[in-house]
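Asker: Below is start-v4.csv; it holds CSV, C-alpha atoms and all ligand atoms.
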chain,number,residue,atom,x,y,z
A,234,MET,CA,108.2,-66.4,-121.5
A,235,GLU,CA,108.4,-63.9,-124.4
A,236,PHE,CA,105.7,-63.3,-126.9
A,237,ARG,CA,105.7,-62.4,-130.6
A,238,HIS,CA,103.1,-61.4,-133.2
A,239,LEU,CA,101.9,-64.1,-135.5
A,240,GLY,CA,102.6,-62.5,-138.9
A,241,ARG,CA,101.0,-59.2,-139.6
A,242,SER,CA,98.2,-60.0,-137.2
A,243,GLY,CA,97.2,-58.8,-133.8
A,244,LEU,CA,97.6,-62.3,-132.3
A,245,MET,CA,100.5,-62.9,-130.0
A,246,VAL,CA,101.9,-66.3,-129.4
A,247,SER,CA,104.4,-67.6,-127.0
A,248,GLU,CA,107.9,-67.7,-128.5
A,249,ILE,CA,108.1,-71.3,-127.5
A,250,SER,CA,105.1,-73.5,-128.1
A,251,TYR,CA,104.3,-77.1,-127.3
A,252,GLY,CA,103.4,-79.7,-130.0
A,253,ASN,CA,102.2,-83.3,-129.5
A,254,TRP,CA,103.1,-85.1,-132.8
A,255,LEU,CA,104.3,-88.7,-132.2
A,256,THR,CA,104.0,-88.3,-128.4
A,257,HIS,CA,100.4,-87.9,-127.3
A,258,GLY,CA,98.1,-90.9,-128.0
A,259,SER,CA,101.2,-93.0,-129.0
A,260,GLN,CA,104.7,-92.8,-127.7
A,261,VAL,CA,103.7,-91.5,-124.2
A,262,GLU,CA,101.0,-92.5,-121.8
A,263,GLU,CA,98.2,-90.0,-121.1
A,264,ASP,CA,99.5,-89.2,-117.6
A,265,ALA,CA,102.9,-88.3,-119.0
A,266,ALA,CA,101.2,-86.2,-121.7
A,267,LYS,CA,99.2,-84.3,-119.1
A,268,LEU,CA,102.3,-83.7,-117.0
A,269,CYS,CA,104.1,-82.2,-120.1
A,270,VAL,CA,101.2,-79.9,-120.9
A,271,GLN,CA,101.0,-78.8,-117.2
A,272,ALA,CA,104.8,-78.1,-117.3
A,273,ALA,CA,104.3,-76.1,-120.5
A,274,LEU,CA,101.6,-74.1,-118.8
A,275,ASP,CA,103.6,-73.6,-115.6
A,276,GLU,CA,106.5,-72.3,-117.7
A,277,GLY,CA,104.4,-69.7,-119.5
A,278,ILE,CA,103.7,-71.5,-122.8
A,279,THR,CA,100.3,-70.4,-124.1
A,280,THR,CA,100.5,-71.8,-127.6
A,281,PHE,CA,99.8,-75.5,-128.3
A,282,ASP,CA,100.1,-77.2,-131.7
A,283,THR,CA,98.4,-80.4,-132.8
A,284,ALA,CA,96.8,-81.9,-136.0
A,285,ASP,CA,93.8,-84.0,-136.9
A,286,VAL,CA,96.1,-86.8,-138.2
A,287,TYR,CA,98.4,-87.1,-135.1
A,288,ALA,CA,98.0,-90.6,-133.6
A,289,GLY,CA,95.1,-91.2,-135.8
A,290,THR,CA,93.1,-88.3,-134.2
A,291,LYS,CA,93.9,-89.4,-130.7
A,292,ALA,CA,96.5,-86.6,-130.1
A,293,GLU,CA,93.8,-83.9,-130.3
A,294,GLU,CA,91.7,-85.8,-127.8
A,295,VAL,CA,94.6,-86.0,-125.3
A,296,LEU,CA,95.4,-82.3,-125.7
A,297,GLY,CA,91.7,-81.4,-125.3
A,298,ARG,CA,91.6,-83.4,-122.0
A,299,ALA,CA,94.9,-82.0,-120.8
A,300,LEU,CA,93.8,-78.4,-121.4
A,301,LYS,CA,90.4,-78.8,-119.9
A,302,GLY,CA,89.7,-76.3,-117.2
A,303,VAL,CA,92.3,-73.8,-118.5
A,304,ARG,CA,90.9,-70.4,-119.3
A,305,ARG,CA,90.3,-70.5,-123.0
A,306,GLU,CA,91.3,-66.9,-123.6
A,307,SER,CA,94.7,-67.6,-122.1
A,308,LEU,CA,95.5,-70.2,-124.8
A,309,GLU,CA,96.3,-70.2,-128.5
A,310,ILE,CA,95.3,-73.6,-129.9
A,311,PHE,CA,96.6,-74.5,-133.4
A,312,THR,CA,95.6,-77.5,-135.4
A,313,LYS,CA,95.8,-78.7,-139.1
A,314,VAL,CA,94.1,-80.5,-141.9
A,315,TYR,CA,95.3,-82.4,-145.0
A,316,TRP,CA,96.7,-85.8,-144.1
A,317,PRO,CA,94.3,-88.8,-144.1
A,318,THR,CA,92.0,-89.2,-141.1
A,319,GLY,CA,90.2,-92.2,-142.6
A,320,ALA,CA,90.2,-94.6,-145.5
A,321,GLY,CA,87.7,-92.8,-147.7
A,322,LYS,CA,88.6,-90.9,-150.8
A,323,ASN,CA,87.4,-87.7,-149.2
A,324,ASP,CA,89.0,-88.2,-145.8
A,325,ARG,CA,92.1,-86.2,-146.9
A,326,GLY,CA,93.3,-83.2,-148.7
A,327,LEU,CA,91.9,-79.6,-148.7
A,328,SER,CA,88.6,-80.0,-150.4
A,329,ARG,CA,85.6,-78.0,-149.0
A,330,LYS,CA,84.1,-81.4,-147.9
A,331,HIS,CA,87.2,-82.6,-146.0
A,332,VAL,CA,88.1,-79.3,-144.5
A,333,VAL,CA,84.6,-78.7,-143.1
A,334,GLU,CA,84.3,-82.2,-141.8
A,335,SER,CA,87.8,-82.1,-140.3
A,336,ILE,CA,87.4,-78.9,-138.4
A,337,HIS,CA,84.2,-80.2,-136.8
A,338,GLY,CA,86.1,-83.3,-135.7
A,339,SER,CA,89.0,-81.2,-134.4
A,340,LEU,CA,86.7,-78.9,-132.4
A,341,ARG,CA,84.9,-81.9,-130.9
A,342,ARG,CA,88.1,-83.6,-129.9
A,343,LEU,CA,89.8,-80.5,-128.6
A,344,GLN,CA,86.6,-79.6,-126.6
A,345,THR,CA,86.6,-76.0,-127.9
A,346,ASP,CA,84.3,-73.8,-129.9
A,347,TYR,CA,87.2,-72.4,-132.1
A,348,VAL,CA,90.8,-72.9,-132.9
A,349,ASP,CA,93.1,-69.9,-133.0
A,350,LEU,CA,95.1,-71.0,-136.0
A,351,TYR,CA,93.9,-73.5,-138.7
A,352,GLN,CA,96.7,-74.7,-140.9
A,353,ALA,CA,96.8,-76.5,-144.3
A,354,HIS,CA,99.2,-79.3,-143.3
A,355,ARG,CA,100.5,-79.6,-146.9
A,356,PHE,CA,99.7,-78.1,-150.4
A,357,ASP,CA,96.9,-80.1,-152.2
A,358,TYR,CA,97.5,-80.3,-155.9
A,359,GLU,CA,94.1,-81.9,-156.5
A,360,THR,CA,91.9,-79.1,-155.0
A,361,PRO,CA,91.7,-75.6,-156.6
A,362,LEU,CA,93.4,-73.2,-154.2
A,363,GLU,CA,90.3,-70.9,-154.4
A,364,GLU,CA,88.1,-73.7,-153.0
A,365,THR,CA,90.4,-74.2,-150.0
A,366,LEU,CA,90.9,-70.5,-149.3
A,367,LYS,CA,87.2,-69.7,-149.7
A,368,THR,CA,86.4,-72.6,-147.2
A,369,PHE,CA,89.0,-71.3,-144.7
A,370,ASP,CA,87.5,-67.8,-145.1
A,371,ASP,CA,84.0,-69.2,-144.4
A,372,LEU,CA,85.3,-70.9,-141.2
A,373,VAL,CA,86.8,-67.6,-140.1
A,374,ARG,CA,83.5,-65.8,-140.7
A,375,GLN,CA,81.7,-68.6,-138.8
A,376,GLY,CA,84.1,-68.0,-135.8
A,377,LYS,CA,85.3,-71.6,-135.8
A,378,VAL,CA,88.8,-70.5,-136.9
A,379,LEU,CA,90.4,-67.2,-135.9
A,380,TYR,CA,93.4,-67.2,-138.2
A,381,VAL,CA,94.6,-69.3,-141.1
A,382,GLY,CA,98.0,-70.6,-142.0
A,383,VAL,CA,99.8,-73.3,-144.0
A,384,SER,CA,102.6,-75.8,-143.4
A,385,GLU,CA,105.5,-76.8,-145.6
A,386,TRP,CA,104.3,-74.8,-148.5
A,387,THR,CA,106.8,-73.4,-151.0
A,388,ALA,CA,107.4,-69.7,-151.5
A,389,ASP,CA,105.5,-69.9,-154.9
A,390,GLN,CA,102.5,-71.6,-153.2
A,391,ILE,CA,102.4,-69.1,-150.4
A,392,ALA,CA,102.6,-66.2,-153.0
A,393,GLN,CA,99.7,-67.8,-155.0
A,394,ALA,CA,97.6,-68.0,-151.9
A,395,LEU,CA,98.2,-64.4,-150.9
A,396,LYS,CA,97.4,-63.2,-154.4
A,397,ILE,CA,94.1,-65.1,-154.5
A,398,ALA,CA,93.2,-63.9,-151.0
A,399,ASP,CA,93.9,-60.3,-152.0
A,400,GLU,CA,91.9,-60.5,-155.3
A,401,MET,CA,88.9,-62.3,-153.7
A,402,GLY,CA,88.9,-60.5,-150.4
A,403,PHE,CA,89.6,-63.7,-148.4
A,404,ASP,CA,91.3,-63.7,-145.0
A,405,ARG,CA,95.1,-63.8,-145.7
A,406,ILE,CA,97.3,-66.5,-144.3
A,407,VAL,CA,99.4,-65.2,-141.4
A,408,SER,CA,101.8,-68.2,-140.9
A,409,ASN,CA,103.7,-71.0,-142.4
A,410,GLN,CA,104.8,-74.1,-140.3
A,411,PRO,CA,108.1,-75.4,-141.8
A,412,GLN,CA,110.8,-77.7,-140.4
A,413,TYR,CA,113.6,-75.4,-139.3
A,414,SER,CA,116.7,-76.0,-137.2
A,415,MET,CA,120.5,-75.5,-137.3
A,416,LEU,CA,120.6,-78.6,-139.4
A,417,TRP,CA,117.6,-77.9,-141.7
A,418,ARG,CA,117.7,-74.3,-143.1
A,419,VAL,CA,115.8,-74.8,-146.4
A,420,ILE,CA,113.3,-72.0,-145.8
A,421,GLU,CA,116.0,-69.3,-145.6
A,422,SER,CA,116.6,-68.5,-149.3
A,423,GLU,CA,113.1,-68.1,-150.6
A,424,ILE,CA,110.3,-68.6,-148.0
A,425,VAL,CA,111.7,-66.2,-145.3
A,426,PRO,CA,112.3,-63.3,-147.7
A,427,LEU,CA,108.8,-63.6,-149.2
A,428,SER,CA,107.2,-64.0,-145.8
A,429,GLU,CA,109.0,-61.0,-144.3
A,430,LYS,CA,107.7,-58.9,-147.2
A,431,GLU,CA,104.1,-60.3,-146.9
A,432,GLY,CA,103.7,-60.3,-143.1
A,433,VAL,CA,103.7,-64.1,-142.8
A,434,SER,CA,105.5,-65.7,-139.8
A,435,GLN,CA,107.2,-69.0,-139.5
A,436,VAL,CA,106.0,-71.2,-136.7
A,437,VAL,CA,108.8,-73.8,-136.9
A,438,PHE,CA,108.8,-77.5,-136.1
A,439,SER,CA,111.5,-79.9,-135.0
A,440,PRO,CA,113.8,-77.1,-133.8
A,441,ILE,CA,115.9,-79.7,-131.8
A,442,ALA,CA,115.9,-81.9,-134.9
A,443,GLN,CA,113.7,-84.4,-133.1
A,444,GLY,CA,116.1,-84.7,-130.2
A,445,VAL,CA,119.3,-85.0,-132.3
A,446,LEU,CA,120.5,-81.5,-131.4
A,447,THR,CA,120.5,-82.4,-127.6
A,448,GLY,CA,123.6,-84.5,-128.4
A,449,LYS,CA,122.1,-87.6,-126.8
A,450,TYR,CA,122.7,-89.7,-129.9
A,451,VAL,CA,126.4,-90.5,-129.9
A,452,PRO,CA,128.0,-91.9,-133.0
A,453,GLY,CA,128.7,-95.6,-132.8
A,454,GLN,CA,126.5,-96.1,-129.8
A,455,GLN,CA,123.0,-97.5,-129.4
A,456,PRO,CA,120.3,-94.7,-129.0
A,457,PRO,CA,119.2,-94.2,-125.4
A,458,GLU,CA,116.4,-96.4,-124.2
A,459,GLY,CA,112.9,-94.8,-124.7
A,460,SER,CA,114.2,-92.0,-127.0
A,461,ARG,CA,112.5,-91.2,-130.4
A,462,ALA,CA,115.2,-93.1,-132.3
A,463,THR,CA,114.0,-96.3,-130.6
A,464,ASP,CA,110.3,-95.7,-131.0
A,465,LYS,CA,108.3,-97.7,-133.6
A,466,SER,CA,106.9,-94.7,-135.5
A,467,GLY,CA,109.5,-92.1,-134.5
A,468,SER,CA,112.6,-94.0,-135.7
A,469,ALA,CA,111.8,-93.6,-139.4
A,470,MET,CA,111.2,-89.9,-138.9
A,471,ILE,CA,114.5,-89.1,-137.2
A,472,ALA,CA,116.5,-91.4,-139.6
A,473,ARG,CA,117.7,-88.6,-141.9
A,474,PHE,CA,119.9,-87.2,-139.1
A,475,MET,CA,121.1,-90.5,-137.7
A,476,ASN,CA,124.4,-90.8,-139.4
A,477,ASP,CA,128.0,-90.5,-138.0
A,478,ASP,CA,128.8,-87.3,-139.8
A,479,VAL,CA,125.8,-85.4,-138.4
A,480,LEU,CA,126.0,-87.0,-135.0
A,481,SER,CA,129.8,-86.3,-134.5
A,482,ARG,CA,129.5,-82.7,-135.6
A,483,VAL,CA,126.6,-82.2,-133.1
A,484,GLN,CA,128.9,-83.5,-130.3
A,485,GLU,CA,131.3,-80.7,-131.2
A,486,LEU,CA,128.5,-78.1,-130.4
A,487,LYS,CA,128.7,-79.1,-126.7
A,488,PRO,CA,131.6,-76.6,-125.8
A,489,ILE,CA,129.6,-73.8,-127.5
A,490,ALA,CA,126.6,-74.5,-125.4
A,491,ALA,CA,128.7,-74.9,-122.3
A,492,ASP,CA,130.5,-71.6,-122.9
A,493,LEU,CA,127.1,-69.9,-122.9
A,494,GLY,CA,125.8,-71.7,-119.9
A,495,LEU,CA,123.1,-73.3,-122.0
A,496,THR,CA,122.0,-76.9,-122.5
A,497,MET,CA,122.3,-78.2,-126.0
A,498,ALA,CA,118.5,-78.2,-126.3
A,499,GLN,CA,118.3,-74.6,-125.2
A,500,LEU,CA,121.0,-73.6,-127.7
A,501,ALA,CA,119.0,-75.3,-130.5
A,502,VAL,CA,115.8,-73.6,-129.6
A,503,ALA,CA,117.5,-70.2,-129.1
A,504,TRP,CA,119.2,-70.6,-132.5
A,505,VAL,CA,115.8,-70.7,-134.5
A,506,LEU,CA,114.5,-67.8,-132.4
A,507,GLN,CA,117.3,-65.6,-133.6
A,508,ASN,CA,115.5,-65.4,-136.9
A,509,PRO,CA,113.0,-62.5,-136.6
A,510,ASN,CA,110.6,-64.1,-139.1
A,511,VAL,CA,110.1,-67.0,-136.6
A,512,ALA,CA,107.1,-66.3,-134.4
A,513,SER,CA,107.4,-69.4,-132.3
A,514,ALA,CA,109.5,-72.6,-132.0
A,515,ILE,CA,107.3,-75.7,-131.5
A,516,VAL,CA,109.0,-78.1,-129.2
A,517,GLY,CA,108.0,-81.6,-128.5
A,518,ALA,CA,108.6,-83.5,-125.3
A,519,THR,CA,108.1,-86.9,-123.8
A,520,ARG,CA,108.9,-85.8,-120.3
A,521,PRO,CA,108.1,-82.6,-118.3
A,522,GLU,CA,111.8,-82.1,-117.5
A,523,GLN,CA,112.4,-81.6,-121.3
A,524,VAL,CA,109.8,-78.9,-121.5
A,525,ARG,CA,111.3,-77.1,-118.5
A,526,ASP,CA,114.8,-77.4,-120.1
A,527,ASN,CA,113.7,-76.2,-123.6
A,528,VAL,CA,111.7,-73.3,-122.4
A,529,LYS,CA,114.7,-71.5,-120.9
A,530,ALA,CA,115.7,-70.7,-124.5
A,531,ALA,CA,113.1,-67.9,-124.5
A,532,GLY,CA,114.7,-64.5,-124.7
A,533,VAL,CA,118.3,-65.8,-125.2
A,534,LYS,CA,120.4,-63.7,-127.6
A,535,LEU,CA,123.2,-65.4,-129.6
A,536,ASP,CA,126.0,-63.2,-130.8
A,537,ALA,CA,127.3,-63.2,-134.4
A,538,ASP,CA,130.5,-65.0,-133.2
A,539,VAL,CA,128.5,-67.8,-131.6
A,540,LEU,CA,126.4,-68.2,-134.8
A,541,LYS,CA,129.7,-68.4,-136.8
A,542,ARG,CA,131.2,-71.0,-134.5
A,543,ILE,CA,128.0,-73.1,-135.0
A,544,ASP,CA,128.2,-72.8,-138.8
A,545,ASP,CA,131.9,-73.7,-138.7
A,546,VAL,CA,131.2,-76.9,-136.7
A,547,LEU,CA,128.2,-78.0,-138.8
A,548,GLY,CA,129.7,-77.1,-142.2
A,549,SER,CA,128.4,-79.3,-145.0
A,550,VAL,CA,125.8,-81.3,-143.0
A,551,VAL,CA,123.5,-78.3,-143.0
A,552,GLU,CA,120.7,-78.8,-145.5
A,553,ARG,CA,119.8,-75.5,-147.4
A,554,ASP,CA,118.2,-76.7,-150.6
A,555,PRO,CA,114.8,-74.9,-151.1
A,556,ALA,CA,113.7,-77.8,-153.3
A,557,LYS,CA,113.4,-79.9,-150.1
A,558,THR,CA,110.1,-78.2,-149.3
A,559,VAL,CA,107.7,-80.6,-151.0
A,560,SER,CA,104.1,-81.7,-150.7
A,561,PRO,CA,102.9,-85.1,-152.1
A,562,ASN,CA,101.7,-85.0,-155.6
A,563,PRO,CA,99.2,-86.6,-156.1
A,564,ARG,CA,98.0,-86.0,-152.5
A,565,ALA,CA,98.7,-88.6,-149.9
A,601,LIG,N1,103.7,-79.4,-139.7
A,601,LIG,C1,104.4,-80.5,-139.8
A,601,LIG,O1,104.4,-81.2,-140.8
A,601,LIG,C2,105.1,-81.0,-138.5
A,601,LIG,C3,106.0,-82.0,-138.6
A,601,LIG,C4,106.6,-82.4,-137.4
A,601,LIG,C5,106.3,-81.7,-136.2
A,601,LIG,N2,105.4,-80.7,-136.2
A,601,LIG,C6,105.1,-80.0,-134.9
A,601,LIG,O2,106.2,-79.6,-134.2
A,601,LIG,C7,106.2,-80.2,-133.0
A,601,LIG,C8,107.6,-80.5,-132.5
A,601,LIG,O3,108.2,-81.4,-133.4
A,601,LIG,P1,109.3,-82.4,-132.8
A,601,LIG,O4,108.7,-83.2,-131.8
A,601,LIG,O5,110.0,-83.1,-134.0
A,601,LIG,O6,110.3,-81.3,-132.2
A,601,LIG,P2,111.7,-81.3,-131.4
A,601,LIG,O7,111.4,-80.4,-130.3
A,601,LIG,O8,112.8,-81.1,-132.4
A,601,LIG,O9,111.9,-82.8,-130.8
A,601,LIG,C9,111.1,-83.3,-129.7
A,601,LIG,C10,111.7,-84.6,-129.2
A,601,LIG,O10,113.1,-84.4,-128.9
A,601,LIG,C11,113.3,-85.0,-127.6
A,601,LIG,N3,113.6,-83.9,-126.7
A,601,LIG,C12,113.0,-82.7,-126.6
A,601,LIG,N4,113.6,-82.0,-125.6
A,601,LIG,C13,114.6,-82.7,-125.1
A,601,LIG,C14,115.5,-82.4,-124.1
A,601,LIG,N5,115.6,-81.3,-123.4
A,601,LIG,N6,116.4,-83.4,-123.8
A,601,LIG,C15,116.4,-84.6,-124.4
A,601,LIG,N7,115.5,-84.9,-125.4
A,601,LIG,C16,114.6,-84.0,-125.8
A,601,LIG,C17,112.0,-85.7,-127.2
A,601,LIG,O11,112.0,-87.0,-127.8
A,601,LIG,P3,112.4,-88.4,-127.0
A,601,LIG,O12,112.3,-88.1,-125.5
A,601,LIG,O13,111.5,-89.4,-127.5
A,601,LIG,O14,113.8,-88.6,-127.5
A,601,LIG,C18,110.9,-84.9,-127.9
A,601,LIG,O15,109.7,-85.6,-128.1
A,601,LIG,C19,105.3,-81.4,-133.1
A,601,LIG,O16,104.8,-81.9,-131.9
A,601,LIG,C20,104.2,-80.8,-134.0
A,601,LIG,O17,103.3,-80.0,-133.3
A,601,LIG,C21,104.8,-80.3,-137.3
If you took the structure in this file and wrote it as structure tokens, what would it be?

Answerer:
Amino acid sequence: MEFRHLGRSGLMVSEISYGNWLTHGSQVEEDAAKLCVQAALDEGITTFDTADVYAGTKAEEVLGRALKGVRRESLEIFTKVYWPTGAGKNDRGLSRKHVVESIHGSLRRLQTDYVDLYQAHRFDYETPLEETLKTFDDLVRQGKVLYVGVSEWTADQIAQALKIADEMGFDRIVSNQPQYSMLWRVIESEIVPLSEKEGVSQVVFSPIAQGVLTGKYVPGQQPPEGSRATDKSGSAMIARFMNDDVLSRVQELKPIAADLGLTMAQLAVAWVLQNPNVASAIVGATRPEQVRDNVKAAGVKLDADVLKRIDDVLGSVVERDPAKTVSPNPRA
């Protein structure tokens, strides 16, 4: 495993991290979840990402149990707050009330005294940014949270947060967690340049486009049994990539991966790691073999001609529009 700094901070994270959205507490049984976490640890992954909202809070519990007994200092545990964790008006968003209540729930479920990174899962248009950032800063001072970050914020929103933090002396955000893959490059034109200047890293999600970039979804054929595209909650999430144009171009990436001696998943993960503003690629997995496959992308260098071949194959199906980074308004 290779390690990178998280933004302009002293914290190092594993270049590949393991996340448990849609899997732990829902798509996979607890035994399989534990085996995936154990495989991640065996392969040198030290960074784990979850959120209060995953599987209606159950994902944090599963991760807490799976990591029990592992030396806390050897782990970086990331979680998030924003999406609803209950039916009440205050069970969502980034108000002081919800953030404080949510971190207490997360720490209890994860069975830890602190999280290494606490992320605002989306931008909240209904809470003053000063209120959220002051609350995050308080949690840092209380030692419940070591670093703060955001997820799927626009460049303008990140810039506003940094300005307020600098003016008010609050802890600065060190990371953003956006979707990023060969197929989804919307952060490249605005978010990455700002982040590079400001010492903010990207911790990217869905680097394999939720499984699509493995090439296992073949145009005109039924998705493989047990894959995310057949899962009750997963199929809606992956739908944006499940069309013949995307799927047939992805098949054409196979010779590129084969020429490099990589699997398709490794090529996809290695591709996001070529961007120096990316601190870590968060991979998901339903089976330990997937973790062991994906992790071999750490440290792989892709030459300019390989990157060009990929661009030539994918052509117009690559999404680059920065306007695709959006948070619900009003908040969800
Ligand atoms: N901040 C946010 O808003 C946000 C949003 C989404 C995700 N995330 C984070 O990012 C993490 C990763 O997201 P993701 O799960 O979409 O990432 P991903 O790594 O692109 O997709 C993971 C899924 O692809 C399939 N897969 C992975 N490796 C494979 C392999 N080697 N061979 C075949 N299939 C393979 C598995 O699904 P099947 O076996 O079911 O096909 C697996 O669950 C999440 O767990 C979460 O921590 C954050």

Asker: Show me, as a PyMOL selection string, the residues that have an atom within 7 Å of A:Gly326 when counting all atoms listed in the file, minus same-chain residues fewer than 5 positions from it.

Answerer: chain A and resi 315-316+331+357+564

Asker: From the list A:Asp554, A:Asp275, A:Asp370, A:Asp324, which residue is nearest A:Pro521 when using only C-alpha atoms?

Answerer: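 Nearest candidate to A:Pro521 out of A:Asp554, A:Asp275, A:Asp370, A:Asp324: A:Asp275.
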
Asker: For ligand LIG 601 (chain A), which residue out of A:Asn253, A:Ser307, A:Thr365, A:Gln344 is the nearest one, using all atoms listed in the file?

Answerer: A:Asn253

Asker: Report as a tab-separated table the residues of chain A within 6 Å of ligand LIG 601 (chain A), each with its shortest atom pair and distance in Å (one decimal), using only C-alpha atoms and all ligand atoms, ordered by chain and increasing residue number.

Answerer:
residue	atom	partner	partner_atom	distance
A:Gly252	CA	A:LIG601	O16	3.2
A:Asn253	CA	A:LIG601	O16	3.8
A:Trp254	CA	A:LIG601	O16	3.7
A:Asp282	CA	A:LIG601	O17	4.5
A:Thr283	CA	A:LIG601	O17	4.9
A:His354	CA	A:LIG601	N1	5.8
A:Ser384	CA	A:LIG601	N1	5.3
A:Gln410	CA	A:LIG601	N1	5.4
A:Phe438	CA	A:LIG601	O2	3.8
A:Ser439	CA	A:LIG601	O8	3.1
A:Pro440	CA	A:LIG601	O8	4.4
A:Ile441	CA	A:LIG601	O8	3.5
A:Ala442	CA	A:LIG601	O8	4.1
A:Gln443	CA	A:LIG601	O9	3.3
A:Gly444	CA	A:LIG601	O10	3.3
A:Thr447	CA	A:LIG601	C15	5.6
A:Ser460	CA	A:LIG601	O14	3.5
A:Arg461	CA	A:LIG601	O13	3.6
A:Ala498	CA	A:LIG601	N5	5.1
A:Ile515	CA	A:LIG601	O2	4.9
A:Val516	CA	A:LIG601	O7	3.5
A:Gly517	CA	A:LIG601	C9	3.7
A:Ala518	CA	A:LIG601	O15	3.7
A:Thr519	CA	A:LIG601	O12	4.7
A:Gln523	CA	A:LIG601	N5	3.8
A:Asp526	CA	A:LIG601	N5	5.2
A:Asn527	CA	A:LIG601	N5	5.4

Asker: Give me, as a tab-separated table, the closest atom pair and its distance (Å, one decimal) for every residue of stretch 295-333 of chain A within a cut-off of 12 Å of stretch 235-248 of chain A, counting only C-alpha atoms, rows sorted by chain and rising number.

Answerer:
residue	atom	partner	partner_atom	distance
A:Glu306	CA	A:Leu244	CA	11.7
A:Ser307	CA	A:Val246	CA	10.3
A:Leu308	CA	A:Val246	CA	8.8
A:Glu309	CA	A:Val246	CA	6.9
A:Ile310	CA	A:Val246	CA	9.9
A:Phe311	CA	A:Val246	CA	10.6

Asker: Can you tell me how far atom CA of A:Glu276 sits from atom CA of A:Val533, in Å to one decimal?

Answerer: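 Going from atom CA of A:Glu276 over to atom CA of A:Val533, I get 15.4 Å.
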
Asker: Could you check the closest approach to A:Thr280 for each of A:Gly453, A:Ala514, A:Leu395, A:Gln507 and tell me which residue wins, using all atoms listed in the file?

Answerer: A:Ala514

Asker: Measuring between only C-alpha atoms, which one of A:Gly297, A:Gly382, A:Gly402, A:Gly548 shows the shortest distance to A:Glu263?

Answerer: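 That would be A:Gly297, the residue with the smallest distance to A:Glu263.
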
Asker: So how far away is atom CA of A:Met415 from atom CA of A:Leu500, in Å?

Answerer: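 Atom-to-atom, atom CA of A:Leu500 to atom CA of A:Met415, that is 9.8 Å.
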
Asker: Give the answer as one residue: which of A:Val295, A:Ala320, A:Met234, A:Ala284 has the shortest atom-to-atom distance to A:Asp264, using all atoms listed in the file?

Answerer: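 Closest to A:Asp264 of all the choices is A:Val295.
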
Asker: Using atom CA of A:Gly448 and atom CA of A:Val551 as the two end points, give the distance in Å to one decimal.

Answerer: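 Computing it gives 15.9 Å between the two atoms.
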
Asker: Taking only C-alpha atoms into account, name the residue in A:Glu522, A:Asp399, A:Asp285, A:Glu485 that is nearest to A:Met497.

Answerer: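 Using only C-alpha atoms, A:Met497 sits closest to A:Glu485.
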
Asker: Mind listing as an NGL selection string all residues within 9 Å of (126.5, -84.7, -135.1), counting all atoms listed in the file?

Answerer: :A and (445-446 or 448 or 450-452 or 474-486 or 547 or 550)

Asker: Name all residues at most 10 Å from A:Arg342 (count only C-alpha atoms; drop same-chain ones fewer than 3 positions away) and give them as a PyMOL selection string.

Answerer: chain A and resi 285+290-298+336-339+345

Asker: Quick one: everything within 7 Å of A:Tyr351, counting all atoms listed in the file, minus sequence neighbours fewer than 6 positions away in the same chain. Send it as a list of chain:residue names.

Answerer: A:Phe311, A:Thr312, A:Lys313, A:Val378, A:Tyr380, A:Val381, A:Gly382

Asker: Can you tell me, as a list in words, what residues are no more than 8 Å from A:Trp386 when counting all atoms listed in the file, ignoring any on the same chain fewer than 3 positions away?

Answerer: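 Residues near the query, excluding close chain neighbours: Arg355, Phe356, Val383, Gln390, Ile391, Asn409, Pro411, Thr558, Val559 and Ser560 of chain A.
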
Asker: Mind writing the picked residues with C-alpha atoms as a PDB file, keeping the file's coordinate frame?

Answerer:
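As written to disk, selection19.pdb reads:
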ATOM      1  CA  ARG A 355     100.500 -79.600-146.900  1.00  0.00           C
ATOM      2  CA  PHE A 356      99.700 -78.100-150.400  1.00  0.00           C
ATOM      3  CA  VAL A 383      99.800 -73.300-144.000  1.00  0.00           C
ATOM      4  CA  GLN A 390     102.500 -71.600-153.200  1.00  0.00           C
ATOM      5  CA  ILE A 391     102.400 -69.100-150.400  1.00  0.00           C
ATOM      6  CA  ASN A 409     103.700 -71.000-142.400  1.00  0.00           C
ATOM      7  CA  PRO A 411     108.100 -75.400-141.800  1.00  0.00           C
ATOM      8  CA  THR A 558     110.100 -78.200-149.300  1.00  0.00           C
ATOM      9  CA  VAL A 559     107.700 -80.600-151.000  1.00  0.00           C
ATOM     10  CA  SER A 560     104.100 -81.700-150.700  1.00  0.00           C
TER      11      SER A 560
END

Asker: Within 9 Å of (107.3, -71.0, -154.0) in the file's own coordinates, which protein, DNA or RNA residues have an atom, counting all atoms listed in the file? List them as a PyMOL selection string.

Answerer: chain A and resi 386-393+423-424+427+555

Asker: Could you please take those selected residues and save C-alpha atoms as a JSON list (two decimals), in the coordinates of the input?

Answerer:
[["chain", "number", "residue", "atom", "x", "y", "z"],
["A", 386, "TRP", "CA", 104.30, -74.80, -148.50],
["A", 387, "THR", "CA", 106.80, -73.40, -151.00],
["A", 388, "ALA", "CA", 107.40, -69.70, -151.50],
["A", 389, "ASP", "CA", 105.50, -69.90, -154.90],
["A", 390, "GLN", "CA", 102.50, -71.60, -153.20],
["A", 391, "ILE", "CA", 102.40, -69.10, -150.40],
["A", 392, "ALA", "CA", 102.60, -66.20, -153.00],
["A", 393, "GLN", "CA", 99.70, -67.80, -155.00],
["A", 423, "GLU", "CA", 113.10, -68.10, -150.60],
["A", 424, "ILE", "CA", 110.30, -68.60, -148.00],
["A", 427, "LEU", "CA", 108.80, -63.60, -149.20],
["A", 555, "PRO", "CA", 114.80, -74.90, -151.10]]
